[in-house]
Every structure is written in structure tokens, then in C-alpha cells.
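Novice: What follows is the file input.cif, containing mmCIF, C-alpha atoms:
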data_coords
loop_
_atom_site.group_PDB
_atom_site.id
_atom_site.type_symbol
_atom_site.label_atom_id
_atom_site.label_comp_id
_atom_site.auth_asym_id
_atom_site.auth_seq_id
_atom_site.Cartn_x
_atom_site.Cartn_y
_atom_site.Cartn_z
ATOM 1 C CA GLN A 546 101.413 243.395 -55.878
ATOM 2 C CA VAL A 547 104.862 243.852 -54.385
ATOM 3 C CA GLN A 548 107.850 241.585 -54.876
ATOM 4 C CA LEU A 549 111.127 241.790 -53.006
ATOM 5 C CA VAL A 550 114.247 239.957 -54.128
ATOM 6 C CA GLU A 551 117.360 239.875 -51.963
ATOM 7 C CA SER A 552 120.904 239.177 -53.069
ATOM 8 C CA GLY A 553 124.434 239.439 -51.737
ATOM 9 C CA GLY A 554 124.487 236.890 -48.956
ATOM 10 C CA GLY A 555 127.239 234.347 -48.552
ATOM 11 C CA LEU A 556 129.990 232.971 -46.362
ATOM 12 C CA VAL A 557 132.496 235.368 -44.853
ATOM 13 C CA GLN A 558 135.082 235.222 -42.098
ATOM 14 C CA ALA A 559 134.643 237.163 -38.895
ATOM 15 C CA GLY A 560 135.705 240.757 -39.378
ATOM 16 C CA GLY A 561 134.742 240.704 -43.030
ATOM 17 C CA SER A 562 132.089 242.605 -44.939
ATOM 18 C CA LEU A 563 129.077 241.881 -47.102
ATOM 19 C CA ARG A 564 126.605 244.085 -48.918
ATOM 20 C CA LEU A 565 123.017 242.930 -49.239
ATOM 21 C CA SER A 566 120.734 244.302 -51.921
ATOM 22 C CA CYS A 567 116.960 244.199 -52.204
ATOM 23 C CA ALA A 568 115.172 244.909 -55.466
ATOM 24 C CA ALA A 569 111.551 245.908 -55.036
ATOM 25 C CA SER A 570 108.966 245.803 -57.806
ATOM 26 C CA GLY A 571 105.282 246.524 -58.035
ATOM 27 C CA SER A 572 103.418 249.278 -56.215
ATOM 28 C CA ILE A 573 106.314 250.754 -54.271
ATOM 29 C CA PHE A 574 105.914 254.144 -52.653
ATOM 30 C CA SER A 575 108.968 255.809 -51.204
ATOM 31 C CA ILE A 576 106.933 257.171 -48.308
ATOM 32 C CA ASN A 577 106.644 253.663 -46.870
ATOM 33 C CA PRO A 578 109.428 252.223 -44.783
ATOM 34 C CA MET A 579 111.763 249.504 -45.930
ATOM 35 C CA GLY A 580 114.218 247.530 -43.929
ATOM 36 C CA TRP A 581 116.048 244.346 -43.109
ATOM 37 C CA TYR A 582 115.182 241.636 -40.630
ATOM 38 C CA ARG A 583 117.085 238.484 -39.802
ATOM 39 C CA GLN A 584 116.313 235.116 -38.312
ATOM 40 C CA ALA A 585 118.880 232.800 -36.839
ATOM 41 C CA PRO A 586 118.172 229.089 -36.281
ATOM 42 C CA GLY A 587 115.943 228.587 -33.275
ATOM 43 C CA LYS A 588 115.389 232.313 -32.814
ATOM 44 C CA GLN A 589 112.648 234.766 -33.655
ATOM 45 C CA ARG A 590 112.907 237.114 -36.583
ATOM 46 C CA GLU A 591 114.352 240.430 -35.454
ATOM 47 C CA LEU A 592 114.683 243.882 -36.914
ATOM 48 C CA VAL A 593 118.186 244.713 -38.085
ATOM 49 C CA ALA A 594 117.668 248.121 -39.663
ATOM 50 C CA SER A 595 114.961 250.239 -41.230
ATOM 51 C CA ILE A 596 115.022 253.404 -43.288
ATOM 52 C CA THR A 597 112.564 256.213 -43.813
ATOM 53 C CA ILE A 598 111.835 258.218 -46.951
ATOM 54 C CA GLY A 599 114.264 260.856 -45.739
ATOM 55 C CA GLY A 600 117.064 258.335 -45.528
ATOM 56 C CA ARG A 601 117.210 258.163 -41.768
ATOM 57 C CA GLY A 602 118.317 254.752 -40.586
ATOM 58 C CA ASN A 603 117.264 253.008 -37.401
ATOM 59 C CA TYR A 604 119.371 250.124 -36.147
ATOM 60 C CA ALA A 605 119.262 247.316 -33.673
ATOM 61 C CA GLY A 606 121.717 247.891 -30.892
ATOM 62 C CA SER A 607 123.693 244.798 -31.827
ATOM 63 C CA VAL A 608 124.561 246.165 -35.294
ATOM 64 C CA LYS A 609 124.793 249.899 -34.649
ATOM 65 C CA GLY A 610 128.114 251.247 -35.845
ATOM 66 C CA ARG A 611 128.792 248.188 -38.011
ATOM 67 C CA PHE A 612 125.857 248.091 -40.434
ATOM 68 C CA THR A 613 124.573 250.858 -42.691
ATOM 69 C CA ILE A 614 121.234 250.857 -44.459
ATOM 70 C CA SER A 615 120.626 252.931 -47.568
ATOM 71 C CA ARG A 616 117.872 253.358 -50.098
ATOM 72 C CA ASP A 617 117.637 254.381 -53.738
ATOM 73 C CA ASN A 618 114.044 255.468 -54.245
ATOM 74 C CA ALA A 619 114.489 256.002 -57.977
ATOM 75 C CA LYS A 620 115.546 252.367 -58.442
ATOM 76 C CA ASN A 621 113.348 250.891 -55.681
ATOM 77 C CA MET A 622 116.421 249.400 -54.055
ATOM 78 C CA VAL A 623 117.475 249.077 -50.453
ATOM 79 C CA TYR A 624 120.937 248.043 -49.319
ATOM 80 C CA LEU A 625 122.569 246.816 -46.143
ATOM 81 C CA GLN A 626 126.308 247.298 -45.838
ATOM 82 C CA MET A 627 127.585 244.979 -43.143
ATOM 83 C CA ASN A 628 131.084 245.509 -41.772
ATOM 84 C CA SER A 629 133.014 243.901 -38.931
ATOM 85 C CA LEU A 630 130.811 240.846 -39.163
ATOM 86 C CA LYS A 631 130.608 238.504 -36.209
ATOM 87 C CA PRO A 632 129.584 234.846 -35.997
ATOM 88 C CA GLU A 633 126.433 235.938 -34.169
ATOM 89 C CA ASP A 634 125.373 237.817 -37.296
ATOM 90 C CA THR A 635 124.818 234.462 -38.982
ATOM 91 C CA ALA A 636 121.173 234.300 -40.070
ATOM 92 C CA VAL A 637 118.798 234.460 -42.984
ATOM 93 C CA TYR A 638 118.307 238.117 -43.849
ATOM 94 C CA TYR A 639 114.939 239.279 -45.152
ATOM 95 C CA CYS A 640 114.038 242.458 -46.960
ATOM 96 C CA TYR A 641 110.902 244.169 -45.712
ATOM 97 C CA TYR A 642 108.446 246.699 -47.120
ATOM 98 C CA GLY A 643 105.494 247.938 -45.115
ATOM 99 C CA THR A 644 102.412 249.837 -46.204
ATOM 100 C CA GLY A 645 100.598 249.958 -42.884
ATOM 101 C CA ALA A 646 97.892 247.720 -44.262
ATOM 102 C CA ARG A 647 100.206 244.890 -45.237
ATOM 103 C CA ASP A 648 103.792 243.735 -44.801
ATOM 104 C CA TYR A 649 105.834 242.289 -47.651
ATOM 105 C CA TRP A 650 108.877 240.052 -47.332
ATOM 106 C CA GLY A 651 111.534 238.723 -49.634
ATOM 107 C CA GLN A 652 112.547 235.081 -49.768
ATOM 108 C CA GLY A 653 115.638 235.721 -47.676
ATOM 109 C CA THR A 654 119.368 235.436 -48.240
ATOM 110 C CA GLN A 655 121.723 233.413 -46.055
ATOM 111 C CA VAL A 656 124.604 235.146 -44.318
ATOM 112 C CA THR A 657 127.117 232.889 -42.600
ATOM 113 C CA VAL A 658 130.022 234.300 -40.611
ATOM 114 C CA SER A 659 132.751 231.855 -39.660
ATOM 115 C CA SER A 660 134.965 232.355 -36.629
#
Starting from the file, lay out its structure as C-alpha cells.
Specialist:
Amino acid sequence: QVQLVESGGGLVQAGGSLRLSCAASGSIFSINPMGWYRQAPGKQRELVASITIGGRGNYAGSVKGRFTISRDNAKNMVYLQMNSLKPEDTAVYYCYYGTGARDYWGQGTQVTVSS
């Protein structure tokens, strides 16, 4: 069984920064991808960033250059550093872990960016 717990969300002004953390427990294998999704009110959940075992990050075009994903395989942690935040980044952010056979999600953490 896999559990994902996010932290670090909050309210920030436009242009500010936040760092999200995701603690994974259970049968976690570093070969499997982890990442962050977000869902804004009235919108579908979308991929924000994902990271491979080698540490290579893949980003949505809307966050490229502003967000950085990182992973600590020894601690089963994944992070999302968010800089130059915009009001349109406001959403619930979910941590993700995929095995191929099943997807796991955290409970989400709210990020609100005020203009």
C-alpha cells in the first residue's frame, strides 16, 4: 500500500514563492515516476511536473522556467519549488506516484495566489 502526504500549500501574493513537499510511504520504488498535478475550480486535473529516477523533470508549458521538481529517493520525498507565482496557478496540488498498474494520489494541498 502506498500513501502520499502533501504539505507546503498556502496563500501567497503574485510573484511570490512556495515549496510543496510530498512524503511517500509504503512500497515505493525509485524507478517509478512521481509528479505533481493540479486542479483548479471548474477545470480538469492537469499535469504540472513529473520526474524520473534519473532526476529529469518534465514540465507543463505554463510552469516551465518558474517551477522546479526534485526528488530524494532515499527519503521517498518529492518537492515542487514554485517561483514567480501567478493567480492562474491557484489550484489544489496533488502528489502522484505511478506503478504502471496503478496510480496513487495524495489528498491535495491548496495553493492560492492573490493578485
Novice: When the PyMOL selection byres ((chain A and resi 619) around 12) is applied to the structure above, which residues does it catch, written out as a list in words?
Specialist: Ala568, Ala569, Ser570, Ile573, Phe574, Ser575, Ile598, Arg616, Asp617, Asn618, Lys620, Asn621, Met622 and Val623 of chain A
Novice: Atom CA of A:Gly643 to atom CA of A:Ser562: how many Å, to one decimal?
Specialist: 27.1 Å
Novice: Let me make sure I understand: among A:Met579, A:Ile596, A:Cys640, A:Leu625, which one has the smallest atom-to-atom distance to A:Leu563 if we use all atoms listed in the file?
Specialist: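 Nearest candidate to A:Leu563 out of A:Met579, A:Ile596, A:Cys640, A:Leu625: A:Leu625.
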Novice: Excluding A:Val637 and residues on its chain fewer than 5 positions from it, collect all residues at most 10 Å away from it, counting all atoms listed in the file, and give them as a list in words.
Specialist: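 Returned residues: Gly554, Tyr582, Arg583, Gln584, Ala585, Pro586, Arg590, Gln652, Gly653, Thr654, Gln655, Val656 and Thr657 of chain A.
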Novice: Could you write out as a list in words the residues that the PyMOL selection byres ((chain A and resi 628) around 9) matches in the shown file?
Specialist: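 Selection result, ordered by chain and number: Gly560, Gly561, Ser562, Leu563, Arg564, Gly610, Arg611, Phe612, Thr613, Gln626, Met627, Ser629, Leu630 and Lys631 of chain A.
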Novice: Go ahead and save the residues from that selection, with C-alpha atoms, as a PDB file, in the frame of the given file.
Specialist:
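out-v7.pdb written:
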ATOM      1  CA  GLY A 560     135.705 240.757 -39.378  1.00  0.00           C
ATOM      2  CA  GLY A 561     134.742 240.704 -43.030  1.00  0.00           C
ATOM      3  CA  SER A 562     132.089 242.605 -44.939  1.00  0.00           C
ATOM      4  CA  LEU A 563     129.077 241.881 -47.102  1.00  0.00           C
ATOM      5  CA  ARG A 564     126.605 244.085 -48.918  1.00  0.00           C
ATOM      6  CA  GLY A 610     128.114 251.247 -35.845  1.00  0.00           C
ATOM      7  CA  ARG A 611     128.792 248.188 -38.011  1.00  0.00           C
ATOM      8  CA  PHE A 612     125.857 248.091 -40.434  1.00  0.00           C
ATOM      9  CA  THR A 613     124.573 250.858 -42.691  1.00  0.00           C
ATOM     10  CA  GLN A 626     126.308 247.298 -45.838  1.00  0.00           C
ATOM     11  CA  MET A 627     127.585 244.979 -43.143  1.00  0.00           C
ATOM     12  CA  SER A 629     133.014 243.901 -38.931  1.00  0.00           C
ATOM     13  CA  LEU A 630     130.811 240.846 -39.163  1.00  0.00           C
ATOM     14  CA  LYS A 631     130.608 238.504 -36.209  1.00  0.00           C
TER      15      LYS A 631
END
Novice: Any idea what the distance is between atom CA of A:Lys588 and atom CA of A:Tyr624?
Specialist: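 These atoms are spaced 23.5 Å apart.
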Novice: Mind giving me the straight-line distance from atom CA of A:Leu592 to atom CA of A:Tyr639 in Å, one decimal?
Specialist: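 Result for atom CA of A:Leu592 versus atom CA of A:Tyr639: 9.4 Å, one decimal.
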Novice: Could you check which of A:Ala636, A:Cys567, A:Leu549, A:Val557 is closest to A:Gln589, using all atoms listed in the file?
Specialist: A:Ala636
Novice: Box for stretch 626-636 of chain A: with edges along x, y and z, all listed atoms inside and 8 Å added on each side, what are the centre and edge lengths in Å to one decimal, as AutoDock Vina command-line options?
Specialist:
--center_x 127.1 --center_y 240.8 --center_z -40.0 --size_x 27.8 --size_y 29.0 --size_z 27.7
Novice: Restricting the calculation to only C-alpha atoms: of A:Ser566, A:Ser607, A:Gln558, A:Asn577, which residue gets closest to A:Tyr642?
Specialist: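 Of all the options, A:Asn577 lies closest to A:Tyr642.
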